[in-house]
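The structure under discussion appears below in the form of structure tokens.
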There are 4 protein chains.
Amino acid sequence: MHTFASDNNSGVHPLIMEAMIRANQGHVTGYGEDLYTAQAQENFKSLFKAEVEVFFVFTGTASNVLGLKAMTQPYQSILCADTAHIQTDECGAPERFTGAKLIPIPTPDGKLTPSLIKPHLHGINFVHHSQPKVVSITQCTEFGTVYTIQQIKELSDFVHQQGLFLHVDGARIANAAVFLGCSFRELITDTGVDVLSFGGTKNGMMFGEAIVFLNPVLSENFGYTRKQGMQLASKMRFISAQFNAYLENDLWKINAEKSNRMAKLLSREVKKLGVQVTHETEANSVYAILPQTVIPTLRKESFFYVWNEEISEVRWVCSWNTCEEDVYDFTEHLRRLMP
Amino acid sequence: MHTFASDNNSGVHPLIMEAMIRANQGHVTGYGEDLYTAQAQENFKSLFKAEVEVFFVFTGTASNVLGLKAMTQPYQSILCADTAHIQTDECGAPERFTGAKLIPIPTPDGKLTPSLIKPHLHGINFVHHSQPKVVSITQCTEFGTVYTIQQIKELSDFVHQQGLFLHVDGARIANAAVFLGCSFRELITDTGVDVLSFGGTKNGMMFGEAIVFLNPVLSENFGYTRKQGMQLASKMRFISAQFNAYLENDLWKINAEKSNRMAKLLSREVKKLGVQVTHETEANSVYAILPQTVIPTLRKESFFYVWNEEISEVRWVCSWNTCEEDVYDFTEHLRRLMP
Amino acid sequence: MHTFASDNNSGVHPLIMEAMIRANQGHVTGYGEDLYTAQAQENFKSLFKAEVEVFFVFTGTASNVLGLKAMTQPYQSILCADTAHIQTDECGAPERFTGAKLIPIPTPDGKLTPSLIKPHLHGINFVHHSQPKVVSITQCTEFGTVYTIQQIKELSDFVHQQGLFLHVDGARIANAAVFLGCSFRELITDTGVDVLSFGGTKNGMMFGEAIVFLNPVLSENFGYTRKQGMQLASKMRFISAQFNAYLENDLWKINAEKSNRMAKLLSREVKKLGVQVTHETEANSVYAILPQTVIPTLRKESFFYVWNEEISEVRWVCSWNTCEEDVYDFTEHLRRLMP
Amino acid sequence: MHTFASDNNSGVHPLIMEAMIRANQGHVTGYGEDLYTAQAQENFKSLFKAEVEVFFVFTGTASNVLGLKAMTQPYQSILCADTAHIQTDECGAPERFTGAKLIPIPTPDGKLTPSLIKPHLHGINFVHHSQPKVVSITQCTEFGTVYTIQQIKELSDFVHQQGLFLHVDGARIANAAVFLGCSFRELITDTGVDVLSFGGTKNGMMFGEAIVFLNPVLSENFGYTRKQGMQLASKMRFISAQFNAYLENDLWKINAEKSNRMAKLLSREVKKLGVQVTHETEANSVYAILPQTVIPTLRKESFFYVWNEEISEVRWVCSWNTCEEDVYDFTEHLRRLMP
């Protein structure tokens with residue numbers, strides 16, 4: 001049964017699985033010195049229309065943390081929304097591996113803006129104070145909202161004027177690009193992002209995330225950082241082959257279009273039941289407030305996470321293989337439970 | 001073409017691939033809260049005939065490093081052979097993540113003994129000195145030699161008498177068990193090992209290593225350590241399914257028997273050519289001294305690593321899918337190059 | 001000239017200097033194995049009327065950071081006011097050395113309360129989330145306000161009910177005790193504080209802070225942590241002798257009474273000039289809003305820190321050797337500059 | 001009574017104490033923004049005849065560790081003698097704070113040479129291997145031997161050819177300079193040392209060590225590293241004033257001449273008793289093998305450390321205030337105990 005708990009509950013897209021099977025031919029040098037990986041790097045260059053450096057790792061947390069490590073010294077700080085995955089859901093891995101400080105900033109909708117950031121840019125050159133060095137945003141955000149290209153460009157300009165770097169946690173970057181109807185070049189390269197953590201697992205891959213360095217200075221010696229960070233895959237070809245299938249077949253787009261569309265549908269259907277949707281449903285997740293009494297029974301039928309217990313807010317996420325029937329079944333369950 | 005560079009150059013065993021395909025059914029809760037993982041944990045309990053706690057991670061380095069973290073405080077030290085993988089080939093990840101100190105001990109054959117360890121157990125209770133807490137051995141060793149059960153038992157008794165823990169880096173533990181013709185219970189449980197890093201990737205899996213806690217105290221709260229260590233897989237079922245196929249079909253044994261046998265054959269064949277084999281070929285790797293002039297051409301035909309440049313020593317590793325023809329082809333190449 | 005920049009701008013009290021000179025007799029074993037240190041430990045036991053364990057370090061930052069390290073695992077979090085010294089003025093040393101996460105909480109007056117803390121105690125047993133383990137308060141706070149005994153007791157009860165520990169950053173703890181007119185036993189021991197960072201430098205010592213463990217479990221093996229934290233003094237007697245003079249002569253009280261009284265006076269005098277004092281002047285610092293045009297000239301005459309540039313708020317701190325003349329001189333300067 | 005346990009058992013030279021008393025005048029800005037510190041920096045520039053950057057810290061361990069941090073990335077390694085203080089006596093602080101790996105190298109006399117280092121410079125550009133970046137030597141060594149200027153020059157040339165940096169642990173650097181009869185310019189500046197940890201505490205100061213950057217690139221942003229390393233003194237003037245007295249009065253030379261001379265005398269006297277001195281007595285410490293039966297009684301009369309229990313080797317260290325009578329008394333005790 002398909003659930004709305006998370007897009008990582010879905011399995012692997014058949015074309016990806018086929019690519020992995022095809023890659024299982026004979027002996028291949030380990031640790032990324034292989035043709036699959038070389039091809040994957042070319043695919044990323046085409047995707048971003050830039051001489052990006054790309055490093056594959058296993059998890060989204062690693063993708064964020066190692067990317068941030070490449071951008072900071074331990075005496076610096078990383079500014080992010082207080083709802084950012086790096087702040088709330090990585091068990092302190094960013095601080096542990098970078099040694100740097102996270103500065104969480106409250107936002108109305110999960111999005112940072114120059115004016116939200118500005119008050120935190122104090123203590124510059126004051127030796128007692130962690131020096132701001134990176135602004136990290138999540139695209140699409142943890143609330144399923146999407147920064148416009150213009151918003152990212154403004155952030156990027158602001159951040160660079162201040163001598164900082166811009167990092168994008170793109171665990172669901174494909175969903176954002178699809179919502180905006182734009183290319184990765186327009187969304188990332190042309191806006192001036194320095195480092196992007198490009199997600200694959202949540203959108204139909206089995207495992208594998210890419211750290212994409214748009215700013216080439218930051219990738220220097222990064223191979224050692226990845227190894228010391230315990231993220232260098234010995235049988236790398238099985239990550240690279242996935243990314244090749246993902247990019248060469250526009251799977252990133254097809255899958256994200258599907259999950260975005262299903263979220264739109266889900267959002268519309270629950271609103272019909274009088275449910276309050278708390279954030280614009282722009283990408284593949286829906287946030288809603290349910291009557292408290294409804295939640296336990298509904299979760300038993302189909303598991304999902306309560307996002308904010310205090311206000312009885314829940315989160316539903318659609319996947320590349322969520323289908324209309326899943327949505328209608330679920331909303332029918334909900335309908336029967338609603339008071 | 002099959003090479004002898006490393007057993008991670010081989011691909012994935014067909015039964016493992018099939019298990020991964022079968023696991024790709026519908027939605028499954030992420031992060032290990034699934035039936036594949038529950039079953040894998042039962043499989044490990046059966047394998048070790050003990051109430052072991054098992055945690056899956058992505059890489060061998062992570063398996064060692066996180067296991068060692070669970071056994072140490074930052075002000076303690078970890079004693080190992082100076083040829084140990086944790087000392088030479090993990091880019092400082094053990095020190096970085098544990099904060100502890102590694103004490104490398106020279107050995108004749110990659111094996112530690114109580115008498116080699118003893119001189120390093122000084123400075124006890126001396127606040128200036130990192131306090132010895134773990135002895136880490138590699139089974140089979142980086143030289144392809146294998147500790148006997150008796151040797152591990154003696155080490156274990158010695159280590160525990162001193163108030164230390166025993167860790168086993170078992171990246172190739174299956175090859176050791178096969179060489180000794182024993183069960184994991186005899187090799188690990190009954191000898192008193194505290195924590196085992198149990199390898200899968202090098203012996204026919206795609207990715208996935210297991211940290212096996214024989215000493216239950218050490219696994220307390222380990223889930224957080226794995227998460228903070230960036231090693232918690234979201235689509236965990238695809239590691240667990242591999243281990244289930246690996247253990248339920250005795251694949252660990254079948255694969256290791258094959259690679260051990262091929263190493264034996266390779267060792268015999270190169271000796272016939274007058275090549276000096278530097279360590280007993282007990283598991284699946286062969287160490288040999290070649291004439292310096294031979295190495296570059298031979299590597300071009302079939303890549304392998306030079307182990308010790310100073311003495312012109314090379315390493316060849318056999319895999320689960322190395323076949324006799326590979327061995328004969330390779331030795332024929334070598335024969336033609338030998339002066 | 002005496003300034004109001006910080007109480008660390010003051011020098012050393014004559015009785016402390018004399019004690020250091022007296023301690024400079026002959027050879028004494030290093031690293032705390034000496035009679036001065038033994039006596040100092042007894043003095044702390046008397047002061048707190050408890051079997052406290054005490055460890056001396058060099059700086060207030062070290063006192064906080066090493067104390068917090070003793071209370072946490074790297075996957076845990078430390079909750080503090082967003083104005084706390086550990087959050088804003090230690091350049092990320094707490095995160096760097098503990099590996100743990102800091103959770104900054106906004107407060108109206110620098111003081112945490114159970115109801116301010118509660119919303120941050122979520123994600124318990126959720127492996128993705130840093131687990132709350134310590135509440136750290138500053139007494140007196142960075143705004144010169146003082147928790148009442150009752151407030152600390154309530155915090156302590158709440159914190160312990162939640163399975164957390166209570167840490168007190170007591171860089172100016174003497175000023176708090178003097179304001180409350182209570183003993184350290186009443187303020188710390190009887191309220192159930194687990195670990196106190198007890199300041200000396202700001203109140204008339206030359207260098208030296210004490211980490212006081214009320215909860216004996218937490219001090220186990222702490223000697224190694226201090227050494228690895230680079231805070232073990234070789235000529236320890238010169239810290240211990242200072243603390244002996246500080247405690248045996250009630251210097252902590254005499255000095256803090258003086259600086260508190262001077263702050264009261266300063267507060268009263270600037271109010272007479274129409275200056276808005278932003279926090280109750282309970283201990284030895286005064287926070288006030290000045291006309292922006294006044295600040296540069298006044299700082300040139302007598303340096304002090306701007307606390308909050310946005311609202312033109314400044315901080316003045318009185319020392320053990322601030323005298324009434326200093327206050328009147330300073331306010332006279334201010335009077336002449338006021339529009 | 002004067003002992004031979006360590007030169008940190010001695011107290012503070014009277015001229016240093018006087019300087020501290022004189023520095024205790026009025027209010028002075030904290031954290032090194034004061035005239036004493038400015039003057040101390042000038043004194044260091046004169047001493048080294050170079051535009052050195054100097055940062056004061058509290059302990060020798062901190063001086064080494066923070067200096068090494070400035071020279072390394074976490075994926076690099078630091079090569080040192082296996083008897084080096086950073087390897088054996090800093091409780092893992094170097095690994096903990098730098099994240100880098102230490103590579104201990106056996107030596108006959110505590111001294112590294114290019115040929116001893118060379119075999120450890122392997123795995124270059126191999127991503128699995130911590131990359132060698134620093135050679136750290138101790139001058140004078142932990143065995144009281146002294147590198148000649150020529151030996152340091154050769155090391156420095158070799159190290160720089162390899163793209164590495166040279167660090168000198170100079171906890172007893174004054175004793176080395178005095179033995180060689182040379183200036184710090186000849187010993188350090190002209191030999192090409194990159195960073196020197198310059199000791200003060202063991203040679204008559206109360207507390208205070210200096211990290212001297214000869215290579216200016218390495219000191220960039222070091223102020224933050226010192227603060228995050230918990231080593232920024234608030235009442236800095238009391239370190240700076242000590243160094244001013246130490247350097248302006250040639251106290252470094254006078255004190256070291258005294259302790260070196262006393263060690264020479266002690267060495268000569270114990271040899272007369274038939275005691276084997278195991279290393280050349282070049283600086284202020286003497287290593288000797290005593291009959292095991294003698295040690296406990298002698299230590300009870302005058303404490304000292306056993307250096308190597310296996311061979312019954314002990315260490316005696318002379319201080320700036322050791323006098324001839326101390327030596328004769330001690331050797332007389334020893335004479336009576338000798339079999």
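Letters A, B, ... mark the chains of the structure tokens in the order given; residue numbers begin at 1 per chain; ligand numbers begin at 1, in order shown.
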(request) When you get a sec, could you note down which chain C residues fall within 9 Å of chain D, using only C-alpha atoms, as a PyMOL selection string? (result) chain C and resi 1-3+5-6+8-13+17+21+23-30+58-62+65+90-94+96-97+201-202+206-207+224-225+227-235+238+303+321
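Atom CA of D:Ile16 lies 18.4 Å from atom CA of D:Ile173.
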* How would you write, as a PyMOL selection string, the set of residues in stretch 129-337 of chain D that DSSP gives as alpha helix (DSSP H)? -> chain D and resi 149-161+173-180+184+222-228+237-248+251-272+294-301+324-337
All residues 7 Å or closer to A:Phe56, only C-alpha atoms, same chain fewer than 3 positions away omitted, as a PyMOL selection string | chain A and resi 208-211
- Name the residues in contact with A:Thr148 at a cut-off of 10 Å, using only C-alpha atoms, excluding same-chain residues fewer than 4 positions from it; report them as a PyMOL selection string. chain A and resi 139-140+152-154+176-177+179-180+187
